[in-house]
Structure formats: C-alpha cells, structure tokens
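What follows is a set of notes on a single structure, which appears directly below.
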Amino acid sequence: MSNAIGLFDSGAGGLSVLKKAIDRIHNKNFVYLGDTKRMPYGVRSPEEIKNFTIEAMGFLQDKGVDLSVIACNTATCHGLDASQNRYDYPILGIISWGSIDSVKVTHNRKIALIGTESTVKSKVYDNTIKSLDSGIELRSIACPDLVLAVERGEFEEKHMEKIIRNHLNEFGDFDYDTIILGCTHFPVVKDSFKKIYKKDNRNVKIINPAHLSIERAMEILSIEKDNEPIDNRTIDFYITGDVEAFKHTLNQVLDLNGFKLSFHQVDLSSFDKYLKK
C-alpha cells in the first residue's frame, strides 16, 4: 500500500490517535495494527515491549506506509529509539509531544499524569518534562483497570466515572491544573474526565499527546493544513487477537463512514522475522 500512514497500539487505545489523524489528514489512507493478543503492555517487561514495537514497525513498513506513529505511550517509552535505529522510514512516538503541550499550558506548574504501570515506572515523562522546565512538579499514577475498561468497550457513564474518580482521588490534595492522558486508551473517554472536573468545579486542562504528534507527522510528510480529501479512502485494521471484540469497541469510539474498512487477523508467528534482521 502507498500513500498511507501506519498507527500501532497494544489494542484499541490508538483509536484516539487515529481520530486525530482522520480529523486533520484527508489525503492519506491508514493502516492500523492492534496487538490485542498481547495486551495490556503496561505489565510487560521493557525488553518485551521493545521487541513488540520493533515487530510492529517492521510489519507496518512491509505494508508500505509512508510514516508510522507509535500510538501507545508504553511502546513509545521502550520501543521508539530501538525502532528508529532499526528502520529507515519515519517513526514517531507521542510522549515528547504530550510533554511539550502540557508545559505550554500549565499556569501553576503542577502537572498530573495518568498512564500504564510501565509508563509511570519508566520516568520518561518525568525526565522529558524536567528537561523542558525543571521547576515543574509532576505526579503520576498508574491506571490499569481504566485501560482494560476502554479496551473492552465498557463505556457506561456511571461505571466509567467510578473508575476514573477512584484513580483521580489518588492524587490527594495535589493541586494540579493540567493532566496528561498518558495512555492512548484514555482520550477515548476524555468527555468523562471533563464531566468529573465540571462537577467538581475544577478548571483542569486535559492533554491528549496525539494532537502534536499528528501535527508533526503532517510536517514530515509535507501535508498542508487545508489538505484536499482524496476519494475512496481506506483504513486497514490488522488485529492479533479477537477481531470481533475490537470491532465492538471501534464502533463505539469512531464514526468511520466514508472510509472503506477491512479487517485482518494477524498470526503472531508472522512477526518472528522482524527480530532476526
């Protein structure tokens, strides 16, 4: 496939990045790889995650994409550098862009981060934000059950609010004015965060790292902001786990009318070759 952008996530979380991409980029097709068979990545070792990411970037390269976005914070933490060193086509992560965005918008220089256990333990956001502004205070919590709820498409409002509130309460009296949704599953339920902060009369800026990542992809590919739509656009979904379960979540998250969609089951054994190069 040519004239396409690749996106990779451990599961359905990368759909939040795909949403940003289709909102901004109208002259490209998309290839999405969801490694649902091996998710959640947050409990995996850094070495496993690195290898999974290398495999994914090789798979997308073989699909002929012009550029790939690692639409997963955990995979960006542990697999971005290794993938960029291995392959000679553009590969973007999302962590640096979320950090830049949050530093720009915070007023009281107190930032909260929610992510997977692996992302939080890696301290990648801590180090990136400190390099941008050493005076910023960042506090982070891991939210594994929120990842799984989104992945399973459990979007009932009271259920989602309970999960999110339980995690936000872990910040205690930390008076942050900005929160980074440091897992791509979380922007899928961004409206739930907004409702909670509104009920609490709090003005908290919510950062979706995908925003600047897609802007950067557009720069690399010389895509104009007012790019003209092309006809018969396609999105090819490659899923390592249950395709029907993925479709269930997809249909609740995105309206893809106007796209020709195709779904493919991927055998993990087909990834073996990418680590042998």
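Residue numbering restarts at 1 in every chain; chains get A, B, ... in the order shown in the structure tokens, and ligands count up from 1 in that same order.
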What's the 6 Å shell around segment 162-176 of chain A, counting only C-alpha atoms, without same-chain residues fewer than 2 positions away, as an NGL selection string?
-> :A and (110-111 or 159-160 or 178)
Per DSSP on the backbone, filter segment 51-222 of chain A down to the residues in strand (DSSP E) and report them as a compact mmCIF listing (two decimals) with C-alpha atoms, in the first residue's frame.
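Just written: result_36.txt:
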```
# COMPACT_ATOMS: atom_id res chain seq x y z
CA LEU A 67 5.29 7.01 8.18
CA SER A 68 4.28 5.21 11.36
CA VAL A 69 3.03 6.61 14.65
CA ILE A 70 3.59 4.51 17.76
CA ILE A 91 8.63 6.66 13.04
CA LEU A 92 7.07 8.95 15.64
CA LYS A 110 1.79 21.38 38.69
CA ILE A 111 1.02 18.57 36.25
CA ALA A 112 -0.67 15.22 36.83
CA LEU A 113 -0.01 12.17 34.67
CA ILE A 114 -2.06 9.01 34.37
CA GLY A 115 -0.69 6.09 32.40
CA GLU A 137 6.15 19.35 39.66
CA LEU A 138 4.82 16.16 38.07
CA ARG A 139 2.96 13.43 39.89
CA SER A 140 2.00 10.17 38.21
CA ILE A 141 -0.35 7.26 38.86
CA ALA A 142 -0.93 4.01 37.00
CA THR A 178 -3.09 20.18 33.91
CA ILE A 179 -3.40 16.43 33.41
CA ILE A 180 -1.71 14.34 30.74
CA LEU A 181 -3.69 11.38 29.47
CA GLY A 182 -0.54 9.31 29.22
CA LYS A 205 -6.52 21.34 31.16
CA ILE A 206 -6.61 17.85 29.66
CA ILE A 207 -3.70 16.97 27.39
```
Residue contacts of segment 147-154 of chain A (6 Å, only C-alpha atoms) excluding same-chain residues fewer than 5 positions away, as a PyMOL selection string | chain A and resi 12+185+249
Give me a file of those residues, with N, CA and C atoms, as an mmCIF file, in the first residue's frame.
```cif
data_model
loop_
_atom_site.group_PDB
_atom_site.id
_atom_site.type_symbol
_atom_site.label_atom_id
_atom_site.label_comp_id
_atom_site.auth_asym_id
_atom_site.auth_seq_id
_atom_site.Cartn_x
_atom_site.Cartn_y
_atom_site.Cartn_z
ATOM 1 N N ALA A 12 -7.018 -1.078 21.409
ATOM 2 C CA ALA A 12 -7.932 -0.089 20.858
ATOM 3 C C ALA A 12 -7.590 1.337 21.252
ATOM 4 N N HIS A 185 -5.438 4.924 25.434
ATOM 5 C CA HIS A 185 -6.795 4.489 25.754
ATOM 6 C C HIS A 185 -7.603 5.612 26.423
ATOM 7 N N THR A 249 -15.523 -2.389 20.162
ATOM 8 C CA THR A 249 -15.012 -1.145 20.744
ATOM 9 C C THR A 249 -14.902 -0.050 19.686
#
```
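Proximity ranking of A:Ile136, A:Leu80, A:Ile196, A:Ile25 relative to Asp226 of chain A places A:Ile25 first, based on only C-alpha atoms.
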Excluding same-chain residues fewer than 5 positions from Tyr238 of chain A, what lies within 8 Å of it counting only C-alpha atoms, as a ChimeraX atom specification?
-> /A:31-34,263-266
